[in-house]
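Structure data follow from query09.cif (mmCIF, C-alpha atoms):
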```cif
data_work
loop_
_atom_site.label_atom_id
_atom_site.label_comp_id
_atom_site.auth_asym_id
_atom_site.auth_seq_id
_atom_site.Cartn_x
_atom_site.Cartn_y
_atom_site.Cartn_z
CA MET F 1 106.91 28.78 118.27
CA LYS F 2 107.51 30.79 115.12
CA LEU F 3 104.90 33.56 114.92
CA SER F 4 103.90 36.31 112.55
CA ILE F 5 102.04 39.24 114.05
CA ILE F 6 100.35 41.00 111.15
CA THR F 7 98.92 44.44 111.85
CA ALA F 8 96.06 45.95 109.85
CA PRO F 9 95.45 49.39 111.41
CA TYR F 10 92.17 50.36 109.74
CA ASP F 11 88.73 51.33 110.98
CA SER F 12 85.89 51.60 108.46
CA GLY F 13 88.36 52.24 105.66
CA HIS F 14 90.30 54.90 107.58
CA TYR F 15 93.97 54.39 108.36
CA HIS F 16 95.14 54.56 111.97
CA VAL F 17 92.05 56.16 113.53
CA GLY F 18 89.61 54.73 116.08
CA PHE F 19 89.92 50.93 116.17
CA GLY F 20 92.74 51.37 113.67
CA GLN F 21 94.96 52.63 116.50
CA GLY F 22 94.47 49.38 118.41
CA PRO F 23 97.15 47.26 116.73
CA GLU F 24 99.92 49.80 117.36
CA ALA F 25 98.75 50.29 120.97
CA LEU F 26 98.93 46.53 121.56
CA ILE F 27 102.45 46.40 120.11
CA ALA F 28 103.53 49.45 122.13
CA GLY F 29 101.99 47.81 125.20
CA GLY F 30 104.63 45.08 125.11
CA ILE F 31 102.97 42.00 123.65
CA VAL F 32 105.90 41.26 121.33
CA GLU F 33 108.41 41.46 124.18
CA ALA F 34 106.18 39.28 126.35
CA LEU F 35 105.96 36.62 123.65
CA ALA F 36 109.72 36.74 123.03
CA LEU F 37 110.41 36.33 126.75
CA ASN F 38 108.29 33.18 126.62
CA GLY F 39 110.51 31.71 123.93
CA HIS F 40 108.59 32.62 120.78
CA ASP F 41 110.24 33.76 117.54
CA VAL F 42 108.13 36.79 116.60
CA ASP F 43 108.08 38.51 113.23
CA VAL F 44 105.98 41.71 113.07
CA VAL F 45 104.56 42.74 109.70
CA ASP F 46 102.40 45.81 109.03
CA ILE F 47 100.30 45.95 105.86
CA GLY F 48 100.91 49.70 105.68
CA GLU F 49 98.76 52.26 103.90
CA ILE F 50 96.75 50.83 101.03
CA GLY F 51 95.48 52.95 98.19
CA ALA F 52 95.16 56.72 98.07
CA PRO F 53 92.53 59.01 99.60
CA PRO F 54 89.61 59.33 99.40
CA ARG F 55 89.13 55.85 100.82
CA ARG F 56 85.64 54.36 100.68
CA GLU F 57 84.67 52.00 103.49
CA ILE F 58 83.54 49.02 101.43
CA ALA F 59 86.28 49.08 98.80
CA GLN F 60 88.95 49.79 101.40
CA GLY F 61 87.69 47.12 103.76
CA PHE F 62 88.07 44.42 101.13
CA ALA F 63 91.42 45.86 99.99
CA VAL F 64 92.66 45.40 103.56
CA CYS F 65 91.39 41.81 103.47
CA ARG F 66 93.34 41.16 100.27
CA ALA F 67 96.52 42.58 101.78
CA VAL F 68 96.12 40.52 104.94
CA ALA F 69 95.44 37.34 102.94
CA GLY F 70 98.77 37.77 101.18
CA LYS F 71 100.69 38.38 104.39
CA VAL F 72 99.05 35.43 106.14
CA ASP F 73 99.68 33.11 103.19
CA ALA F 74 103.36 34.10 103.23
CA SER F 75 103.50 33.57 106.99
CA VAL F 76 102.05 30.07 106.72
CA ALA F 77 104.49 29.24 103.91
CA GLU F 78 107.35 30.18 106.27
CA GLY F 79 106.01 27.86 108.95
CA ARG F 80 104.82 30.69 111.18
CA PHE F 81 101.54 30.79 113.08
CA PRO F 82 99.65 33.94 112.00
CA ILE F 83 98.17 36.37 114.53
CA VAL F 84 96.36 39.31 112.94
CA LEU F 85 95.81 42.48 114.95
CA ALA F 86 93.11 44.47 113.17
CA GLY F 87 90.71 47.31 113.68
CA ASN F 88 87.68 45.70 112.05
CA CYS F 89 86.20 42.23 112.15
CA LEU F 90 85.89 42.10 108.35
CA THR F 91 89.68 41.75 108.22
CA ALA F 92 89.31 38.22 109.59
CA LEU F 93 88.19 37.19 106.10
CA GLY F 94 91.68 37.91 104.79
CA ALA F 95 93.22 35.88 107.58
CA MET F 96 90.86 32.96 106.98
CA ALA F 97 91.59 33.02 103.24
CA GLY F 98 95.36 33.11 103.76
CA GLU F 99 95.13 30.17 106.16
CA ALA F 100 92.75 28.16 103.94
CA ALA F 101 90.53 27.80 107.01
CA ASP F 102 87.57 25.46 106.65
CA SER F 103 85.76 26.60 109.81
CA VAL F 104 85.62 29.46 112.30
CA VAL F 105 85.00 30.13 115.96
CA TRP F 106 83.69 33.72 116.03
CA VAL F 107 83.83 35.27 119.51
CA ASP F 108 81.98 38.58 119.55
CA GLN F 109 79.31 40.43 121.52
CA HIS F 110 77.67 41.13 118.13
CA GLY F 111 76.33 38.58 115.66
CA ASP F 112 77.91 40.20 112.57
CA VAL F 113 75.36 38.36 110.40
CA ASN F 114 73.55 41.37 109.00
CA THR F 115 73.39 41.85 105.24
CA PRO F 116 72.72 45.03 103.24
CA GLU F 117 69.06 43.99 103.16
CA THR F 118 68.76 43.56 106.94
CA SER F 119 71.19 46.08 108.43
CA ILE F 120 69.59 49.01 110.24
CA HIS F 121 72.91 50.83 110.67
CA GLY F 122 74.63 50.21 107.33
CA PHE F 123 77.82 49.20 109.17
CA LEU F 124 79.97 46.93 107.00
CA ASP F 125 81.65 45.34 110.00
CA GLY F 126 78.24 44.19 111.23
CA MET F 127 78.12 42.01 108.10
CA ALA F 128 81.56 40.43 108.52
CA LEU F 129 80.46 36.94 109.53
CA ALA F 130 77.68 37.00 106.93
CA VAL F 131 80.32 37.65 104.26
CA ALA F 132 82.45 34.78 105.59
CA LEU F 133 79.43 32.48 105.24
CA GLY F 134 78.70 33.59 101.68
CA LEU F 135 75.49 35.46 102.52
CA CYS F 136 76.38 38.86 101.01
CA TRP F 137 79.01 40.95 99.22
CA LYS F 138 79.91 37.87 97.17
CA PRO F 139 81.82 39.55 94.29
CA MET F 140 83.88 41.62 96.76
CA ALA F 141 84.65 38.57 98.89
CA ALA F 142 85.68 36.62 95.79
CA SER F 143 88.39 39.24 95.18
CA ILE F 144 90.24 38.06 98.32
CA PRO F 145 92.91 35.53 97.23
CA GLY F 146 92.01 32.09 98.54
CA PHE F 147 88.60 33.08 99.89
CA ARG F 148 86.00 30.31 100.06
CA PRO F 149 82.67 30.84 101.83
CA LEU F 150 82.21 28.62 104.86
CA ASP F 151 79.34 26.25 105.51
CA PRO F 152 77.37 27.84 108.40
CA ALA F 153 77.39 24.43 110.10
CA ARG F 154 81.17 24.89 110.40
CA CYS F 155 80.81 28.12 112.34
CA MET F 156 80.48 28.60 116.08
CA LEU F 157 79.35 32.02 117.34
CA VAL F 158 80.35 32.64 120.94
CA ASP F 159 78.67 35.03 123.39
CA ALA F 160 76.80 37.17 120.85
CA ARG F 161 74.43 39.12 123.07
CA ASP F 162 73.83 42.41 121.24
CA LEU F 163 71.78 41.40 118.20
CA ASP F 164 69.61 43.35 115.77
CA PRO F 165 66.09 41.96 115.17
CA GLU F 166 66.89 40.53 111.75
CA GLU F 167 70.10 38.99 113.04
CA LYS F 168 68.05 36.99 115.53
CA VAL F 169 65.89 35.75 112.67
CA ALA F 170 68.96 34.78 110.64
CA LEU F 171 70.57 32.96 113.57
CA ASP F 172 67.36 31.00 114.16
CA ARG F 173 67.39 29.97 110.50
CA LEU F 174 71.07 29.14 110.00
CA PRO F 175 72.79 26.02 111.42
CA ILE F 176 75.41 28.13 113.19
CA ILE F 177 76.48 26.64 116.52
CA ARG F 178 75.66 29.08 119.33
CA ALA F 179 77.49 29.03 122.64
CA GLY F 180 78.15 31.13 125.70
CA CYS F 181 81.77 31.64 126.64
CA GLY F 182 81.55 29.09 129.43
CA GLU F 183 80.17 26.32 127.18
CA ALA F 184 82.17 26.99 124.02
CA VAL F 185 84.81 24.34 124.68
CA GLU F 186 82.14 21.69 125.19
CA LYS F 187 80.25 22.72 122.05
CA VAL F 188 83.35 22.77 119.86
CA ALA F 189 82.78 19.02 119.63
CA LYS F 190 80.06 19.84 117.11
CA LEU F 191 82.68 21.40 114.85
CA LYS F 192 84.87 18.33 115.24
CA ALA F 193 81.92 16.16 114.25
CA ALA F 194 81.64 18.18 111.03
CA GLY F 195 85.14 16.99 110.11
CA VAL F 196 86.89 20.34 110.23
CA GLY F 197 90.65 20.48 109.86
CA ARG F 198 91.71 24.13 109.95
CA THR F 199 89.73 26.42 112.26
CA HIS F 200 90.23 30.16 112.50
CA LEU F 201 89.69 31.73 115.92
CA HIS F 202 88.32 35.26 115.68
CA LEU F 203 88.25 37.22 118.91
CA ASP F 204 86.55 40.61 118.97
CA LEU F 205 87.79 42.09 122.21
CA ASP F 206 84.44 43.78 122.87
CA VAL F 207 83.09 40.38 123.88
CA HIS F 208 84.40 41.27 127.35
CA ASP F 209 82.06 42.61 130.00
CA PRO F 210 82.74 46.37 129.98
CA LYS F 211 82.59 46.35 133.78
CA THR F 212 85.78 44.29 133.78
CA LEU F 213 87.43 45.47 130.55
CA GLN F 214 86.36 48.42 128.42
CA VAL F 215 87.80 48.10 124.90
CA ASN F 216 85.66 50.50 122.83
CA ARG F 217 82.54 52.66 122.82
CA TYR F 218 80.19 49.94 121.57
CA THR F 219 80.40 47.43 124.40
CA ALA F 220 77.09 46.14 125.73
CA PRO F 221 76.48 45.05 129.33
CA GLY F 222 77.17 41.47 130.28
CA GLY F 223 79.71 39.09 128.83
CA PRO F 224 82.72 37.27 130.23
CA GLY F 225 85.72 38.65 132.06
CA PRO F 226 89.32 38.37 130.83
CA GLN F 227 90.06 35.16 132.72
CA GLU F 228 86.99 33.43 131.30
CA VAL F 229 87.87 34.53 127.76
CA ARG F 230 91.42 33.27 128.25
CA ARG F 231 90.22 29.89 129.56
CA MET F 232 87.85 29.56 126.63
CA ALA F 233 90.53 30.37 124.04
CA CYS F 234 92.95 27.90 125.61
CA GLY F 235 90.32 25.19 125.81
CA ILE F 236 89.49 25.62 122.13
CA ALA F 237 93.20 25.54 121.25
CA ARG F 238 93.50 22.19 123.00
CA SER F 239 90.35 20.80 121.39
CA ILE F 240 90.54 21.55 117.66
CA PRO F 241 93.24 22.41 115.09
CA ILE F 242 93.63 26.20 115.02
CA ALA F 243 95.07 27.69 111.81
CA GLY F 244 95.31 31.29 112.99
CA LEU F 245 93.94 34.02 115.21
CA THR F 246 92.54 37.53 114.74
CA LEU F 247 92.12 40.11 117.51
CA THR F 248 89.99 43.15 116.72
CA ALA F 249 88.05 46.20 117.90
CA TYR F 250 90.41 47.69 120.48
CA ASP F 251 90.20 51.49 120.65
CA PRO F 252 92.88 52.75 123.06
CA ALA F 253 90.95 56.01 123.54
CA PHE F 254 88.58 54.04 125.80
CA ASP F 255 91.36 52.37 127.80
CA ALA F 256 92.70 55.26 129.87
CA LYS F 257 94.70 52.97 132.18
CA ALA F 258 96.14 50.89 129.30
CA GLU F 259 94.74 47.71 130.84
CA VAL F 260 94.07 45.91 127.56
CA PRO F 261 97.60 45.26 126.15
CA PRO F 262 98.95 43.29 129.14
CA LEU F 263 95.77 41.22 129.29
CA VAL F 264 96.04 40.48 125.57
CA GLY F 265 99.67 39.49 126.16
CA GLU F 266 98.62 37.04 128.89
CA LEU F 267 95.90 35.62 126.65
CA LEU F 268 98.36 35.06 123.80
CA ILE F 269 100.98 33.44 126.03
CA ASP F 270 98.47 30.99 127.51
CA PHE F 271 96.76 30.37 124.15
CA LEU F 272 100.03 29.54 122.42
CA ALA F 273 101.10 27.30 125.29
CA ALA F 274 97.83 25.40 124.84
CA LEU F 275 98.53 25.07 121.10
CA GLU F 276 102.04 23.74 121.74
CA ARG F 277 100.72 21.05 124.09
CA ILE F 278 98.64 19.44 121.34
#
```

Could you rewrite the structure in this file as structure tokens?
Amino acid sequence: MKLSIITAPYDSGHYHVGFGQGPEALIAGGIVEALALNGHDVDVVDIGEIGAPPRREIAQGFAVCRAVAGKVDASVAEGRFPIVLAGNCLTALGAMAGEAADSVVWVDQHGDVNTPETSIHGFLDGMALAVALGLCWKPMAASIPGFRPLDPARCMLVDARDLDPEEKVALDRLPIIRAGCGEAVEKVAKLKAAGVGRTHLHLDLDVHDPKTLQVNRYTAPGGPGPQEVRRMACGIARSIPIAGLTLTAYDPAFDAKAEVPPLVGELLIDFLAALERI
């Protein structure tokens, strides 16, 4: 398969720090070589440094989304399947816009449905899914080329277990499909019933149980192990048309044994094999 791996090495507007070091660590950990050995044609594209210091989190976060949207759009035009390696979950909006996705499967230990009115931490990334659904930051989101807010009924949130109080209220109110990792493949039928045609798969690596895979400082107890996440991703790939993939939130400072890159490589190999069998 022809692939584009697009790297967006930013964390909260800062270049190549924290989560922003994750994309390079994944590349250095051999995922490109592993994909090539499995017969894939891999093109690696980095969005580079955007803008000049001082960089402000909100403005920079959406600037990164705009850059990613352009790279993903170009990738799709070349007939390549886009895989975005990013620091922050907000970057998925750029990928979704570039793919013209009409739905999303959002795999994350957090709900990411806070808004500025409900957030108790003021963390932009905790609003990422809310932005994708058109619930906040509307003018900024509209600046992303190709962005269209998604109908919440065309969103499945998988294994969100660390929720703020107001997020729980929002998720009770919205028609978002909720699923545990083990039931996600079964529940994806609800997305199919909504008539979706181009689904983006967003995978925040902190969905993993930190007892089996520690990817950053914010992981909460519980969650699936790597094999369960891989089975889920492959099952979804076989069940619904996937337009692209984002992988986020890996901080190599919390992975002393460098366990994450080879596991991500295995996930990608199996996921792409599932896509090719459709």

Distance query range 177-182 of chain F at most 6 Å, only C-alpha atoms, self and fewer than 2 positions along chain excluded, as a JSON list (two decimals) with C-alpha atoms, keeping the file's coordinate frame:
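Output file selection03.json follows:
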```
[["chain", "number", "residue", "atom", "x", "y", "z"],
["F", 156, "MET", "CA", 80.48, 28.60, 116.08],
["F", 157, "LEU", "CA", 79.35, 32.02, 117.34],
["F", 158, "VAL", "CA", 80.35, 32.64, 120.94],
["F", 159, "ASP", "CA", 78.67, 35.03, 123.39],
["F", 184, "ALA", "CA", 82.17, 26.99, 124.02]]
```

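Selection by the PyMOL selection byres ((chain F and resi 51) around 12) on the present file picks out F:Gly13, F:His14, F:Tyr15, F:Ile47, F:Gly48, F:Glu49, F:Ile50, F:Ala52, F:Pro53, F:Pro54, F:Arg55, F:Arg56, F:Ala59, F:Gln60, F:Gly61, F:Phe62, F:Ala63, F:Val64, F:Ala67.
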
Take the residues from that selection and put them in a file with C-alpha atoms, as a compact mmCIF listing (two decimals), in the coordinates of the input.
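Generated output (part-v7.txt):
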```txt
# COMPACT_ATOMS: atom_id res chain seq x y z
CA GLY F 13 88.36 52.24 105.66
CA HIS F 14 90.30 54.90 107.58
CA TYR F 15 93.97 54.39 108.36
CA ILE F 47 100.30 45.95 105.86
CA GLY F 48 100.91 49.70 105.68
CA GLU F 49 98.76 52.26 103.90
CA ILE F 50 96.75 50.83 101.03
CA ALA F 52 95.16 56.72 98.07
CA PRO F 53 92.53 59.01 99.60
CA PRO F 54 89.61 59.33 99.40
CA ARG F 55 89.13 55.85 100.82
CA ARG F 56 85.64 54.36 100.68
CA ALA F 59 86.28 49.08 98.80
CA GLN F 60 88.95 49.79 101.40
CA GLY F 61 87.69 47.12 103.76
CA PHE F 62 88.07 44.42 101.13
CA ALA F 63 91.42 45.86 99.99
CA VAL F 64 92.66 45.40 103.56
CA ALA F 67 96.52 42.58 101.78
```

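The two atoms in question, CA of Pro262 in chain F and CA of Arg198 in chain F, are spaced 28.1 Å apart.
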
Quiz item: Care to translate the PyMOL selection byres ((chain F and resi 188) around 12) into actual residues of this file, as a ChimeraX atom specification?
Solution: /F:103-106,153-158,176-187,189-196,199,201,232-233,235-242

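The set of residues that the PyMOL selection byres ((chain F and resi 263) around 12) takes from this file is F:Leu26, F:Gly29, F:Gly30, F:Ile31, F:Ala34, F:Leu205, F:His208, F:Thr212, F:Leu213, F:Gln214, F:Val215, F:Gly225, F:Pro226, F:Gln227, F:Glu228, F:Val229, F:Arg230, F:Ala258, F:Glu259, F:Val260, F:Pro261, F:Pro262, F:Val264, F:Gly265, F:Glu266, F:Leu267, F:Leu268, F:Ile269, F:Asp270.
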
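Distances from F:Ala273, F:Ile6, F:Leu133, F:Val44 to Asp102 in chain F were compared using all atoms listed in the file, and the smallest one belongs to F:Leu133.
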
| message | Is it possible to get the residues within 12 Å of (78.8, 35.5, 98.7) (coordinates as in the file, counting all atoms listed in the file) written as a PyMOL selection string? | response | chain F and resi 115+127-144+147-151

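One distance worth recording is that between CA of Pro221 in chain F and CA of Val113 in chain F, which is 20.1 Å.
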
Is it possible to get the residues within 10 Å of (77.7, 42.2, 120.9) (coordinates as in the file, counting only C-alpha atoms) written as a tab-separated table (two decimals) with C-alpha atoms, in the frame of the given file?
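Wrote it out as selection.tsv, contents follow:
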```
chain	number	residue	atom	x	y	z
F	107	VAL	CA	83.83	35.27	119.51
F	108	ASP	CA	81.98	38.58	119.55
F	109	GLN	CA	79.31	40.43	121.52
F	110	HIS	CA	77.67	41.13	118.13
F	111	GLY	CA	76.33	38.58	115.66
F	112	ASP	CA	77.91	40.20	112.57
F	126	GLY	CA	78.24	44.19	111.23
F	158	VAL	CA	80.35	32.64	120.94
F	159	ASP	CA	78.67	35.03	123.39
F	160	ALA	CA	76.80	37.17	120.85
F	161	ARG	CA	74.43	39.12	123.07
F	162	ASP	CA	73.83	42.41	121.24
F	163	LEU	CA	71.78	41.40	118.20
F	164	ASP	CA	69.61	43.35	115.77
F	204	ASP	CA	86.55	40.61	118.97
F	206	ASP	CA	84.44	43.78	122.87
F	207	VAL	CA	83.09	40.38	123.88
F	208	HIS	CA	84.40	41.27	127.35
F	218	TYR	CA	80.19	49.94	121.57
F	219	THR	CA	80.40	47.43	124.40
F	220	ALA	CA	77.09	46.14	125.73
F	221	PRO	CA	76.48	45.05	129.33
F	222	GLY	CA	77.17	41.47	130.28
F	223	GLY	CA	79.71	39.09	128.83
```

Tell me which protein, DNA and RNA residues are within 10 Å of Ala77 in chain F, counting only C-alpha atoms, leaving out same-chain ones fewer than 4 positions away, and put them as a PyMOL selection string.
chain F and resi 71-73+81+98-99

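Of note, CA of Met1 in chain F and CA of His40 in chain F are spaced 4.9 Å apart.
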
One residue among F:Ala97, F:Ala25, F:Leu245, F:Ile83 is nearest to Ile5 in chain F when using all atoms listed in the file, and that residue is F:Ile83
